[in-house]
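Colleague: What follows is protein-v4.cif, made up of mmCIF, C-alpha atoms:
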```cif
data_target
#
loop_
_atom_site.group_PDB
_atom_site.id
_atom_site.type_symbol
_atom_site.label_atom_id
_atom_site.label_comp_id
_atom_site.auth_asym_id
_atom_site.auth_seq_id
_atom_site.Cartn_x
_atom_site.Cartn_y
_atom_site.Cartn_z
ATOM 1 C CA MET A 6 40.633 28.055 -42.544
ATOM 2 C CA SER A 7 43.478 27.211 -44.908
ATOM 3 C CA ALA A 8 46.818 26.365 -43.381
ATOM 4 C CA SER A 9 49.588 28.914 -43.644
ATOM 5 C CA ALA A 10 52.820 27.877 -45.341
ATOM 6 C CA ARG A 11 54.813 29.861 -42.766
ATOM 7 C CA PRO A 12 55.422 28.727 -39.183
ATOM 8 C CA ILE A 13 52.735 30.114 -36.882
ATOM 9 C CA ALA A 14 52.940 31.512 -33.380
ATOM 10 C CA LEU A 15 49.452 31.786 -31.920
ATOM 11 C CA THR A 16 47.798 33.313 -28.884
ATOM 12 C CA ILE A 17 44.132 32.956 -27.970
ATOM 13 C CA GLY A 18 41.972 35.205 -25.830
ATOM 14 C CA VAL A 19 39.228 37.783 -25.635
ATOM 15 C CA PHE A 20 41.778 40.581 -25.117
ATOM 16 C CA ASP A 21 39.078 43.183 -24.460
ATOM 17 C CA GLY A 22 40.802 46.497 -23.823
ATOM 18 C CA LEU A 23 44.213 45.224 -24.970
ATOM 19 C CA HIS A 24 45.733 46.472 -21.723
ATOM 20 C CA ARG A 25 49.435 46.247 -20.860
ATOM 21 C CA GLY A 26 49.086 42.653 -19.646
ATOM 22 C CA HIS A 27 47.551 41.633 -22.957
ATOM 23 C CA GLN A 28 50.269 43.543 -24.771
ATOM 24 C CA GLU A 29 52.955 41.438 -23.051
ATOM 25 C CA ILE A 30 51.320 38.265 -24.383
ATOM 26 C CA VAL A 31 50.930 39.715 -27.879
ATOM 27 C CA ALA A 32 54.544 40.935 -27.905
ATOM 28 C CA ALA A 33 55.743 37.474 -26.867
ATOM 29 C CA THR A 34 53.674 35.925 -29.665
ATOM 30 C CA VAL A 35 55.148 38.295 -32.241
ATOM 31 C CA ALA A 36 58.659 37.594 -30.928
ATOM 32 C CA GLU A 37 58.098 33.821 -31.188
ATOM 33 C CA ALA A 38 56.882 34.244 -34.761
ATOM 34 C CA ARG A 39 59.777 36.453 -35.807
ATOM 35 C CA SER A 40 62.370 34.133 -34.248
ATOM 36 C CA ARG A 41 61.026 31.376 -36.482
ATOM 37 C CA GLY A 42 60.612 33.492 -39.598
ATOM 38 C CA GLY A 43 56.880 32.950 -39.283
ATOM 39 C CA ALA A 44 53.564 34.699 -38.770
ATOM 40 C CA ALA A 45 51.983 35.920 -35.547
ATOM 41 C CA TRP A 46 48.305 35.002 -35.208
ATOM 42 C CA VAL A 47 45.712 36.024 -32.648
ATOM 43 C CA ALA A 48 42.421 34.207 -32.198
ATOM 44 C CA THR A 49 39.853 36.324 -30.379
ATOM 45 C CA PHE A 50 36.083 36.152 -29.892
ATOM 46 C CA ASP A 51 32.783 37.853 -30.563
ATOM 47 C CA PRO A 52 30.500 37.777 -28.660
ATOM 48 C CA HIS A 53 32.237 37.599 -25.293
ATOM 49 C CA PRO A 54 32.328 33.928 -24.174
ATOM 50 C CA ASP A 55 30.729 34.892 -20.851
ATOM 51 C CA SER A 56 27.521 35.852 -22.662
ATOM 52 C CA VAL A 57 27.261 32.254 -23.927
ATOM 53 C CA VAL A 58 28.693 30.315 -20.991
ATOM 54 C CA ARG A 59 26.794 32.263 -18.325
ATOM 55 C CA ALA A 60 23.823 33.203 -20.538
ATOM 56 C CA THR A 61 24.228 36.876 -19.650
ATOM 57 C CA PRO A 62 23.300 39.848 -21.860
ATOM 58 C CA ASP A 63 26.013 41.134 -24.160
ATOM 59 C CA ARG A 64 28.019 43.862 -22.448
ATOM 60 C CA PRO A 65 29.649 46.794 -24.200
ATOM 61 C CA TRP A 66 33.154 46.181 -25.481
ATOM 62 C CA ILE A 67 36.126 48.209 -24.273
ATOM 63 C CA THR A 68 37.603 47.450 -27.683
ATOM 64 C CA PRO A 69 34.985 46.197 -30.188
ATOM 65 C CA PRO A 70 36.263 43.514 -32.582
ATOM 66 C CA GLY A 71 37.176 45.888 -35.429
ATOM 67 C CA GLU A 72 39.036 48.265 -33.141
ATOM 68 C CA ARG A 73 40.750 45.335 -31.428
ATOM 69 C CA ALA A 74 41.945 43.924 -34.754
ATOM 70 C CA SER A 75 43.327 47.309 -35.802
ATOM 71 C CA LEU A 76 45.239 47.656 -32.530
ATOM 72 C CA LEU A 77 46.586 44.111 -32.816
ATOM 73 C CA HIS A 78 47.863 44.703 -36.344
ATOM 74 C CA GLY A 79 49.547 47.846 -35.027
ATOM 75 C CA MET A 80 51.359 45.663 -32.493
ATOM 76 C CA GLY A 81 52.840 43.523 -35.258
ATOM 77 C CA VAL A 82 50.242 40.749 -35.481
ATOM 78 C CA ASP A 83 49.991 39.329 -38.988
ATOM 79 C CA ARG A 84 46.551 37.748 -38.779
ATOM 80 C CA VAL A 85 43.561 38.215 -36.472
ATOM 81 C CA GLU A 86 40.864 35.533 -36.461
ATOM 82 C CA THR A 87 37.670 36.744 -34.764
ATOM 83 C CA VAL A 88 35.860 33.544 -33.852
ATOM 84 C CA ARG A 89 32.106 33.652 -33.354
ATOM 85 C CA PHE A 90 31.721 32.100 -29.916
ATOM 86 C CA ASP A 91 28.653 29.867 -29.707
ATOM 87 C CA ASP A 92 27.665 26.501 -28.249
ATOM 88 C CA GLU A 93 29.395 24.679 -31.109
ATOM 89 C CA VAL A 94 32.728 26.404 -30.443
ATOM 90 C CA ARG A 95 32.239 25.983 -26.702
ATOM 91 C CA ALA A 96 31.970 22.199 -27.177
ATOM 92 C CA LEU A 97 35.227 21.850 -29.131
ATOM 93 C CA SER A 98 38.242 20.096 -27.632
ATOM 94 C CA PRO A 99 41.515 22.039 -27.576
ATOM 95 C CA GLU A 100 42.623 20.077 -30.647
ATOM 96 C CA GLY A 101 39.340 20.779 -32.395
ATOM 97 C CA PHE A 102 39.559 24.486 -31.686
ATOM 98 C CA LEU A 103 43.126 24.727 -33.010
ATOM 99 C CA ASP A 104 42.099 22.874 -36.181
ATOM 100 C CA ARG A 105 39.108 25.173 -36.620
ATOM 101 C CA VAL A 106 41.176 28.351 -36.294
ATOM 102 C CA LEU A 107 44.362 27.311 -38.075
ATOM 103 C CA GLY A 108 43.231 24.538 -40.383
ATOM 104 C CA PRO A 109 44.217 20.860 -40.006
ATOM 105 C CA GLY A 110 47.940 20.351 -40.378
ATOM 106 C CA ALA A 111 48.813 24.029 -40.030
ATOM 107 C CA PRO A 112 52.474 24.575 -39.042
ATOM 108 C CA LEU A 113 51.823 25.762 -35.493
ATOM 109 C CA GLN A 114 55.173 26.072 -33.720
ATOM 110 C CA ALA A 115 54.348 28.157 -30.630
ATOM 111 C CA LEU A 116 51.238 28.662 -28.515
ATOM 112 C CA VAL A 117 51.547 31.631 -26.148
ATOM 113 C CA ALA A 118 49.269 32.381 -23.179
ATOM 114 C CA GLY A 119 49.035 33.813 -19.684
ATOM 115 C CA PRO A 120 49.151 31.791 -16.435
ATOM 116 C CA ASP A 121 45.373 31.504 -16.073
ATOM 117 C CA PHE A 122 44.735 30.375 -19.654
ATOM 118 C CA ARG A 123 42.388 27.450 -20.277
ATOM 119 C CA MET A 124 40.854 26.370 -23.554
ATOM 120 C CA GLY A 125 38.476 23.816 -24.949
ATOM 121 C CA ARG A 126 35.421 21.987 -23.664
ATOM 122 C CA GLY A 127 35.165 22.201 -19.883
ATOM 123 C CA ARG A 128 38.363 24.283 -19.819
ATOM 124 C CA GLN A 129 40.308 21.036 -20.080
ATOM 125 C CA GLY A 130 43.204 22.614 -21.961
ATOM 126 C CA ASP A 131 45.409 23.743 -19.056
ATOM 127 C CA ARG A 132 49.187 24.075 -19.120
ATOM 128 C CA THR A 133 49.856 20.365 -18.553
ATOM 129 C CA TYR A 134 47.402 19.348 -21.262
ATOM 130 C CA LEU A 135 48.716 21.879 -23.782
ATOM 131 C CA GLU A 136 52.379 21.059 -23.151
ATOM 132 C CA ALA A 137 51.584 17.392 -23.839
ATOM 133 C CA LEU A 138 49.592 18.332 -26.940
ATOM 134 C CA GLY A 139 52.527 20.453 -28.104
ATOM 135 C CA ARG A 140 54.912 17.502 -27.812
ATOM 136 C CA GLU A 141 52.481 15.444 -29.876
ATOM 137 C CA ARG A 142 51.879 18.107 -32.528
ATOM 138 C CA GLY A 143 55.270 19.780 -32.644
ATOM 139 C CA PHE A 144 54.695 23.141 -30.969
ATOM 140 C CA VAL A 145 56.032 24.697 -27.785
ATOM 141 C CA TYR A 146 53.744 26.132 -25.136
ATOM 142 C CA ARG A 147 55.008 29.410 -23.681
ATOM 143 C CA GLU A 148 53.488 30.949 -20.576
ATOM 144 C CA VAL A 149 53.845 34.718 -20.070
ATOM 145 C CA PRO A 150 53.745 35.863 -16.402
ATOM 146 C CA PHE A 151 51.040 38.195 -15.133
ATOM 147 C CA LEU A 152 51.810 41.890 -15.402
ATOM 148 C CA GLY A 153 50.701 43.819 -12.317
ATOM 149 C CA SER A 154 50.643 47.362 -11.049
ATOM 150 C CA GLY A 155 50.165 49.094 -7.728
ATOM 151 C CA GLY A 156 46.536 48.006 -7.711
ATOM 152 C CA GLY A 157 47.241 44.312 -8.358
ATOM 153 C CA LYS A 158 46.944 42.151 -11.469
ATOM 154 C CA LEU A 159 45.912 43.991 -14.607
ATOM 155 C CA SER A 160 42.565 42.780 -15.915
ATOM 156 C CA SER A 161 39.798 43.791 -18.295
ATOM 157 C CA THR A 162 37.364 43.764 -15.357
ATOM 158 C CA ARG A 163 39.431 46.303 -13.445
ATOM 159 C CA LEU A 164 39.875 48.409 -16.574
ATOM 160 C CA ARG A 165 36.123 48.358 -17.231
ATOM 161 C CA GLN A 166 35.478 49.612 -13.686
ATOM 162 C CA GLU A 167 37.871 52.537 -14.093
ATOM 163 C CA ILE A 168 36.332 53.576 -17.421
ATOM 164 C CA ALA A 169 32.797 53.323 -16.048
ATOM 165 C CA ALA A 170 33.853 55.579 -13.160
ATOM 166 C CA GLY A 171 35.383 58.165 -15.510
ATOM 167 C CA ALA A 172 38.867 57.552 -14.063
ATOM 168 C CA MET A 173 40.720 58.184 -17.305
ATOM 169 C CA GLU A 174 44.170 58.514 -15.761
ATOM 170 C CA ARG A 175 43.899 55.105 -14.086
ATOM 171 C CA ALA A 176 42.438 53.586 -17.252
ATOM 172 C CA ALA A 177 45.365 54.956 -19.273
ATOM 173 C CA GLU A 178 47.826 53.507 -16.762
ATOM 174 C CA ILE A 179 46.277 50.054 -17.226
ATOM 175 C CA MET A 180 46.067 50.332 -21.032
ATOM 176 C CA GLY A 181 49.322 52.129 -21.683
ATOM 177 C CA ARG A 182 47.384 54.648 -23.795
ATOM 178 C CA PRO A 183 44.390 56.972 -23.319
ATOM 179 C CA TYR A 184 40.916 55.526 -23.661
ATOM 180 C CA ALA A 185 39.532 56.513 -27.047
ATOM 181 C CA LEU A 186 36.129 56.888 -28.648
ATOM 182 C CA GLU A 187 35.971 57.098 -32.427
ATOM 183 C CA GLY A 188 33.533 57.362 -35.277
ATOM 184 C CA THR A 189 32.200 59.490 -38.088
ATOM 185 C CA VAL A 190 31.142 63.054 -37.269
ATOM 186 C CA GLY A 191 27.415 63.276 -37.868
ATOM 187 C CA SER A 192 24.747 65.902 -37.514
ATOM 188 C CA GLY A 193 23.308 66.936 -34.157
ATOM 189 C CA ALA A 194 20.594 69.164 -32.762
ATOM 190 C CA GLY A 195 22.736 72.293 -33.282
ATOM 191 C CA ARG A 196 22.507 73.310 -29.628
ATOM 192 C CA GLY A 197 26.269 73.648 -29.241
ATOM 193 C CA THR A 198 26.474 76.204 -32.042
ATOM 194 C CA ALA A 199 23.537 78.146 -30.592
ATOM 195 C CA LEU A 200 25.305 78.240 -27.209
ATOM 196 C CA GLY A 201 28.583 79.441 -28.736
ATOM 197 C CA PHE A 202 30.293 76.033 -28.502
ATOM 198 C CA PRO A 203 29.965 74.247 -31.853
ATOM 199 C CA THR A 204 30.545 70.555 -31.313
ATOM 200 C CA ALA A 205 31.272 67.554 -33.493
ATOM 201 C CA ASN A 206 28.722 64.838 -32.796
ATOM 202 C CA LEU A 207 30.572 61.549 -32.850
ATOM 203 C CA GLU A 208 28.721 58.466 -34.105
ATOM 204 C CA VAL A 209 30.315 55.915 -31.782
ATOM 205 C CA ARG A 210 29.498 52.265 -32.386
ATOM 206 C CA PRO A 211 26.665 51.176 -30.071
ATOM 207 C CA GLU A 212 28.639 48.217 -28.681
ATOM 208 C CA LYS A 213 31.420 50.508 -27.392
ATOM 209 C CA LEU A 214 31.695 51.079 -23.629
ATOM 210 C CA LEU A 215 31.119 54.736 -22.772
ATOM 211 C CA PRO A 216 32.669 56.314 -19.670
ATOM 212 C CA ALA A 217 30.751 58.016 -16.883
ATOM 213 C CA PRO A 218 28.735 61.018 -18.107
ATOM 214 C CA GLY A 219 30.729 64.217 -17.866
ATOM 215 C CA ILE A 220 33.112 66.698 -19.470
ATOM 216 C CA TYR A 221 36.553 65.334 -20.381
ATOM 217 C CA LEU A 222 39.799 66.902 -21.482
ATOM 218 C CA SER A 223 40.572 65.291 -24.811
ATOM 219 C CA ARG A 224 43.210 65.029 -27.492
ATOM 220 C CA ASN A 225 41.511 64.621 -30.864
ATOM 221 C CA GLN A 226 42.801 63.090 -34.069
ATOM 222 C CA PHE A 227 41.429 63.560 -37.597
ATOM 223 C CA ASP A 228 42.936 63.844 -41.073
ATOM 224 C CA GLY A 229 46.416 63.245 -39.650
ATOM 225 C CA ARG A 230 46.040 66.171 -37.231
ATOM 226 C CA SER A 231 45.978 66.258 -33.449
ATOM 227 C CA TRP A 232 43.900 68.910 -31.700
ATOM 228 C CA PRO A 233 43.198 69.737 -28.038
ATOM 229 C CA GLY A 234 39.599 69.869 -26.957
ATOM 230 C CA ILE A 235 36.799 68.995 -24.591
ATOM 231 C CA THR A 236 34.587 65.949 -25.004
ATOM 232 C CA TYR A 237 31.108 65.644 -23.549
ATOM 233 C CA VAL A 238 29.529 62.271 -22.795
ATOM 234 C CA GLY A 239 25.914 62.471 -21.674
ATOM 235 C CA SER A 240 22.276 62.945 -22.615
ATOM 236 C CA ALA A 241 22.100 66.776 -22.457
ATOM 237 C CA ALA A 242 19.362 66.394 -19.823
ATOM 238 C CA THR A 243 19.224 70.189 -19.349
ATOM 239 C CA PHE A 244 17.140 70.187 -22.551
ATOM 240 C CA GLY A 245 15.022 67.164 -21.598
ATOM 241 C CA PRO A 246 15.371 63.388 -21.951
ATOM 242 C CA GLY A 247 17.412 61.981 -24.803
ATOM 243 C CA PRO A 248 19.982 59.345 -25.756
ATOM 244 C CA VAL A 249 23.551 59.420 -24.488
ATOM 245 C CA ARG A 250 25.788 61.137 -27.027
ATOM 246 C CA VAL A 251 29.439 62.017 -27.531
ATOM 247 C CA GLU A 252 30.167 65.621 -28.517
ATOM 248 C CA VAL A 253 33.638 67.037 -29.160
ATOM 249 C CA PHE A 254 34.566 70.724 -28.976
ATOM 250 C CA LEU A 255 37.931 71.572 -30.554
ATOM 251 C CA ILE A 256 39.623 74.563 -28.957
ATOM 252 C CA ASP A 257 40.175 77.450 -31.418
ATOM 253 C CA PHE A 258 39.285 75.289 -34.414
ATOM 254 C CA ALA A 259 37.561 76.728 -37.473
ATOM 255 C CA GLY A 260 36.313 74.421 -40.159
ATOM 256 C CA ALA A 261 33.823 71.709 -41.035
ATOM 257 C CA LEU A 262 34.144 68.227 -39.551
ATOM 258 C CA ARG A 263 30.915 66.556 -40.623
ATOM 259 C CA GLY A 264 31.555 63.286 -42.417
ATOM 260 C CA ARG A 265 35.133 62.966 -41.192
ATOM 261 C CA TRP A 266 36.458 60.158 -39.010
ATOM 262 C CA LEU A 267 37.484 61.492 -35.604
ATOM 263 C CA LYS A 268 39.100 59.816 -32.618
ATOM 264 C CA THR A 269 38.829 61.496 -29.224
ATOM 265 C CA LEU A 270 41.355 60.398 -26.602
ATOM 266 C CA LEU A 271 39.966 61.039 -23.128
ATOM 267 C CA ILE A 272 42.663 62.422 -20.834
ATOM 268 C CA SER A 273 40.931 63.452 -17.632
ATOM 269 C CA LEU A 274 37.463 64.107 -16.226
ATOM 270 C CA LEU A 275 36.949 67.846 -15.774
ATOM 271 C CA ARG A 276 33.581 67.502 -14.084
ATOM 272 C CA ALA A 277 30.592 65.201 -13.860
ATOM 273 C CA ASP A 278 27.525 65.815 -15.994
ATOM 274 C CA ARG A 279 24.938 68.175 -14.486
ATOM 275 C CA VAL A 280 21.411 69.347 -15.199
ATOM 276 C CA PHE A 281 21.337 73.151 -15.315
ATOM 277 C CA ARG A 282 18.386 75.385 -14.510
ATOM 278 C CA SER A 283 18.835 77.497 -17.648
ATOM 279 C CA ALA A 284 20.854 77.814 -20.843
ATOM 280 C CA GLU A 285 22.621 80.835 -19.312
ATOM 281 C CA GLU A 286 23.797 78.757 -16.355
ATOM 282 C CA LEU A 287 25.013 76.069 -18.753
ATOM 283 C CA ILE A 288 26.959 78.635 -20.797
ATOM 284 C CA ARG A 289 28.697 79.923 -17.660
ATOM 285 C CA ALA A 290 29.718 76.362 -16.777
ATOM 286 C CA MET A 291 30.978 75.755 -20.310
ATOM 287 C CA ASP A 292 33.017 78.977 -20.188
ATOM 288 C CA ASP A 293 34.597 77.699 -16.993
ATOM 289 C CA ASP A 294 35.245 74.284 -18.583
ATOM 290 C CA LEU A 295 36.961 75.972 -21.526
ATOM 291 C CA ALA A 296 39.124 78.171 -19.291
ATOM 292 C CA ARG A 297 40.273 75.134 -17.315
ATOM 293 C CA ALA A 298 40.954 73.211 -20.529
ATOM 294 C CA ARG A 299 43.031 76.071 -21.947
ATOM 295 C CA ALA A 300 45.057 76.179 -18.731
ATOM 296 C CA PHE A 301 45.630 72.433 -18.857
ATOM 297 C CA TRP A 302 46.729 72.370 -22.478
ATOM 298 C CA ALA A 303 48.974 75.413 -21.991
ATOM 299 C CA GLY A 304 50.699 73.537 -19.178
ATOM 300 C CA ALA A 305 50.863 70.330 -21.204
ATOM 301 C CA ILE A 306 52.437 72.151 -24.141
ATOM 302 C CA GLN A 307 55.004 73.788 -21.864
ATOM 303 C CA ALA A 308 55.821 70.419 -20.327
ATOM 304 C CA ASP A 309 56.002 68.620 -23.672
ATOM 305 C CA PRO A 310 56.402 70.914 -26.708
ATOM 306 C CA ALA A 311 56.076 67.929 -29.081
ATOM 307 C CA ARG A 312 52.428 67.358 -28.183
#
```
Have the structure of the file written as structure tokens, please.

Modeller:
Amino acid sequence: MSASARPIALTIGVFDGLHRGHQEIVAATVAEARSRGGAAWVATFDPHPDSVVRATPDRPWITPPGERASLLHGMGVDRVETVRFDDEVRALSPEGFLDRVLGPGAPLQALVAGPDFRMGRGRQGDRTYLEALGRERGFVYREVPFLGSGGGKLSSTRLRQEIAAGAMERAAEIMGRPYALEGTVGSGAGRGTALGFPTANLEVRPEKLLPAPGIYLSRNQFDGRSWPGITYVGSAATFGPGPVRVEVFLIDFAGALRGRWLKTLLISLLRADRVFRSAEELIRAMDDDLARARAFWAGAIQADPAR
């Protein structure tokens, strides 16, 4: 990498999910950069270091690298370096990793991290090591305290568990925003239209973590618009075996969505996925889902007219 001419404030981490604890570290990094008239950098990883260090299969991302970079830029980060984590990177010293990411001689003035941060070969780069390295290289090391909640320290592991359980309210509390699935609207089997519920079939990236199968209340964004709806995550097992899919039904919407980019923000689990004995039984359940969704959104609009 070529060195920046501006002073750099840097933070390093996986930051999967970019929950509120991560956001505190990112905000501190941006503040350090701005106070120096410099640039805020984030170095993150793909694949997850655990898949290399522990030789485990790749797990779905809460926030895949592209989504993570977009969120980070929205938080004021000037540059996101997604480092391919492999045995070569794993073997680097803290100094070697900084040189690889920033470029030798880059004007690093602040390195920001959480209390449990370690970097470099054998995790040798702890606070004591990095403070000494900062004195040698001319940067300060700033530690940001853990951010907790009623359930303890915020973590990507805890967030992953809530999403996998379909607990969207608890996931949103950890993230500070609803959990979102996004992608291009593609073509489907046409079953929704035949049942009276035309759905947009969302082509979600395969590395994205999907929540528990079920019907979710959702707020949906496309073409600068926001629309209430219901989002289904599941394999439509009533009609036989098939892949897990994401289908979005927009309440009282008329128009074509195919080919558009759509983001569905999952608000709450209405019910778990079920296998129905007939299409008629499924339609009755979907009518009930829609009635409950209308009631929810009517209440939400009354509570917050700006939504």

Colleague: Neighbours of Gly101 of chain A within 12 Å (only C-alpha atoms; same-chain residues fewer than 6 positions away dropped), as a PDB file with C-alpha atoms, in the frame of the given file?

Modeller:
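Written output follows (result.pdb):
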```pdb
ATOM      1  CA  GLU A  93      29.395  24.679 -31.109  1.00  0.00           C
ATOM      2  CA  VAL A  94      32.728  26.404 -30.443  1.00  0.00           C
ATOM      3  CA  ARG A  95      32.239  25.983 -26.702  1.00  0.00           C
ATOM      4  CA  LEU A 107      44.362  27.311 -38.075  1.00  0.00           C
ATOM      5  CA  GLY A 108      43.231  24.538 -40.383  1.00  0.00           C
ATOM      6  CA  PRO A 109      44.217  20.860 -40.006  1.00  0.00           C
ATOM      7  CA  GLY A 110      47.940  20.351 -40.378  1.00  0.00           C
ATOM      8  CA  MET A 124      40.854  26.370 -23.554  1.00  0.00           C
ATOM      9  CA  GLY A 125      38.476  23.816 -24.949  1.00  0.00           C
ATOM     10  CA  ARG A 126      35.421  21.987 -23.664  1.00  0.00           C
ATOM     11  CA  GLY A 130      43.204  22.614 -21.961  1.00  0.00           C
ATOM     12  CA  LEU A 138      49.592  18.332 -26.940  1.00  0.00           C
TER      13      LEU A 138
END
```

Colleague: Starting from the displayed file, determine the output of the PyMOL selection byres ((chain A and resi 148) around 7) and express the residue list as a ChimeraX atom specification.

Modeller: /A:117-120,146-147,149-150

Colleague: Could you please take those selected residues and save C-alpha atoms as a PDB file, in the coordinates of the input?

Modeller:
```pdb
ATOM      1  CA  VAL A 117      51.547  31.631 -26.148  1.00  0.00           C
ATOM      2  CA  ALA A 118      49.269  32.381 -23.179  1.00  0.00           C
ATOM      3  CA  GLY A 119      49.035  33.813 -19.684  1.00  0.00           C
ATOM      4  CA  PRO A 120      49.151  31.791 -16.435  1.00  0.00           C
ATOM      5  CA  TYR A 146      53.744  26.132 -25.136  1.00  0.00           C
ATOM      6  CA  ARG A 147      55.008  29.410 -23.681  1.00  0.00           C
ATOM      7  CA  VAL A 149      53.845  34.718 -20.070  1.00  0.00           C
ATOM      8  CA  PRO A 150      53.745  35.863 -16.402  1.00  0.00           C
TER       9      PRO A 150
END
```

Colleague: Using all atoms listed in the file, which of A:Glu167, A:Glu208, A:Asp121, A:Asp51 sits nearest Arg89 of chain A?

Modeller: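 Using all atoms listed in the file, Arg89 of chain A sits closest to A:Asp51.
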
Colleague: Any chance you could resolve the PyMOL selection byres ((chain A and resi 27) around 12) against this file and give the residues as a PyMOL selection string?

Modeller: chain A and resi 16-26+28-34+47+49+73+76-77+80+117-120+149-153+158-161+179-181

Colleague: Could you give me, as a PDB file with C-alpha atoms, in the frame of the given file, the residues within 10 Å of Pro69 of chain A, counting only C-alpha atoms and dropping anything in the same chain fewer than 5 positions from it?

Modeller:
```
ATOM      1  CA  ASP A  21      39.078  43.183 -24.460  1.00  0.00           C
ATOM      2  CA  GLY A  22      40.802  46.497 -23.823  1.00  0.00           C
ATOM      3  CA  ASP A  51      32.783  37.853 -30.563  1.00  0.00           C
ATOM      4  CA  PRO A  52      30.500  37.777 -28.660  1.00  0.00           C
ATOM      5  CA  ALA A  74      41.945  43.924 -34.754  1.00  0.00           C
ATOM      6  CA  ARG A 210      29.498  52.265 -32.386  1.00  0.00           C
ATOM      7  CA  PRO A 211      26.665  51.176 -30.071  1.00  0.00           C
ATOM      8  CA  GLU A 212      28.639  48.217 -28.681  1.00  0.00           C
ATOM      9  CA  LYS A 213      31.420  50.508 -27.392  1.00  0.00           C
ATOM     10  CA  LEU A 214      31.695  51.079 -23.629  1.00  0.00           C
TER      11      LEU A 214
END
```

Colleague: To one decimal in Å, tell me the separation between atom CA of Gly171 of chain A and atom CA of Pro183 of chain A.

Modeller: 12.0 Å

Colleague: Can you give me, as a list in words, the residues this file yields under the PyMOL selection byres ((chain A and resi 244-255) around 6)?

Modeller: Thr204, Ala205, Asn206, Leu207, Gly234, Ile235, Thr236, Tyr237, Val238, Gly239, Ser240, Ala242, Thr243, Ile256 and Phe258 of chain A

Colleague: What's the separation between atom CA of Glu100 of chain A and atom CA of Val57 of chain A, in Å to one decimal place?

Modeller: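 Going from atom CA of Glu100 of chain A over to atom CA of Val57 of chain A, I get 20.7 Å.
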
Colleague: Taking only C-alpha atoms into account, name the residue in A:Asp91, A:Asp55, A:His78, A:Gly191 that is nearest to Arg263 of chain A.

Modeller: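 Of A:Asp91, A:Asp55, A:His78, A:Gly191, the one nearest Arg263 of chain A, counting only C-alpha atoms, is A:Gly191.
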
Colleague: Could you give me, as number ranges by chain, the residues within 7 Å of Leu270 of chain A, counting all atoms listed in the file and dropping anything in the same chain fewer than 6 positions from it?

Modeller: A: 183-186, 223-225

Colleague: Please write the residues from the selection above to a file, keeping C-alpha atoms, as a PDB file, in the coordinates of the input.

Modeller:
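Generated file (part-v1.pdb):
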```pdb
ATOM      1  CA  PRO A 183      44.390  56.972 -23.319  1.00  0.00           C
ATOM      2  CA  TYR A 184      40.916  55.526 -23.661  1.00  0.00           C
ATOM      3  CA  ALA A 185      39.532  56.513 -27.047  1.00  0.00           C
ATOM      4  CA  LEU A 186      36.129  56.888 -28.648  1.00  0.00           C
ATOM      5  CA  SER A 223      40.572  65.291 -24.811  1.00  0.00           C
ATOM      6  CA  ARG A 224      43.210  65.029 -27.492  1.00  0.00           C
ATOM      7  CA  ASN A 225      41.511  64.621 -30.864  1.00  0.00           C
TER       8      ASN A 225
END
```

Colleague: As an exercise, work out the distance from atom CA of Pro203 of chain A to atom CA of Pro216 of chain A in Å and give it to one decimal place.

Modeller: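 Atom CA of Pro216 of chain A lies 21.8 Å from atom CA of Pro203 of chain A.
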
Colleague: Box time for segment 44-55 of chain A: axis-aligned, enclosing all its listed atoms, 3 Å extra on each side; report centre and edge lengths in Å to one decimal, as lines of an AutoDock Vina configuration file.

Modeller:
```
center_x = 42.0
center_y = 35.9
center_z = -29.8
size_x = 29.1
size_y = 9.9
size_z = 23.9
```

Colleague: Taking all atoms listed in the file into account, name the residue in A:Gly43, A:Gly219, A:Pro54, A:Gly81 that is nearest to Ala241 of chain A.

Modeller: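 Closest to Ala241 of chain A, using all atoms listed in the file: A:Gly219.
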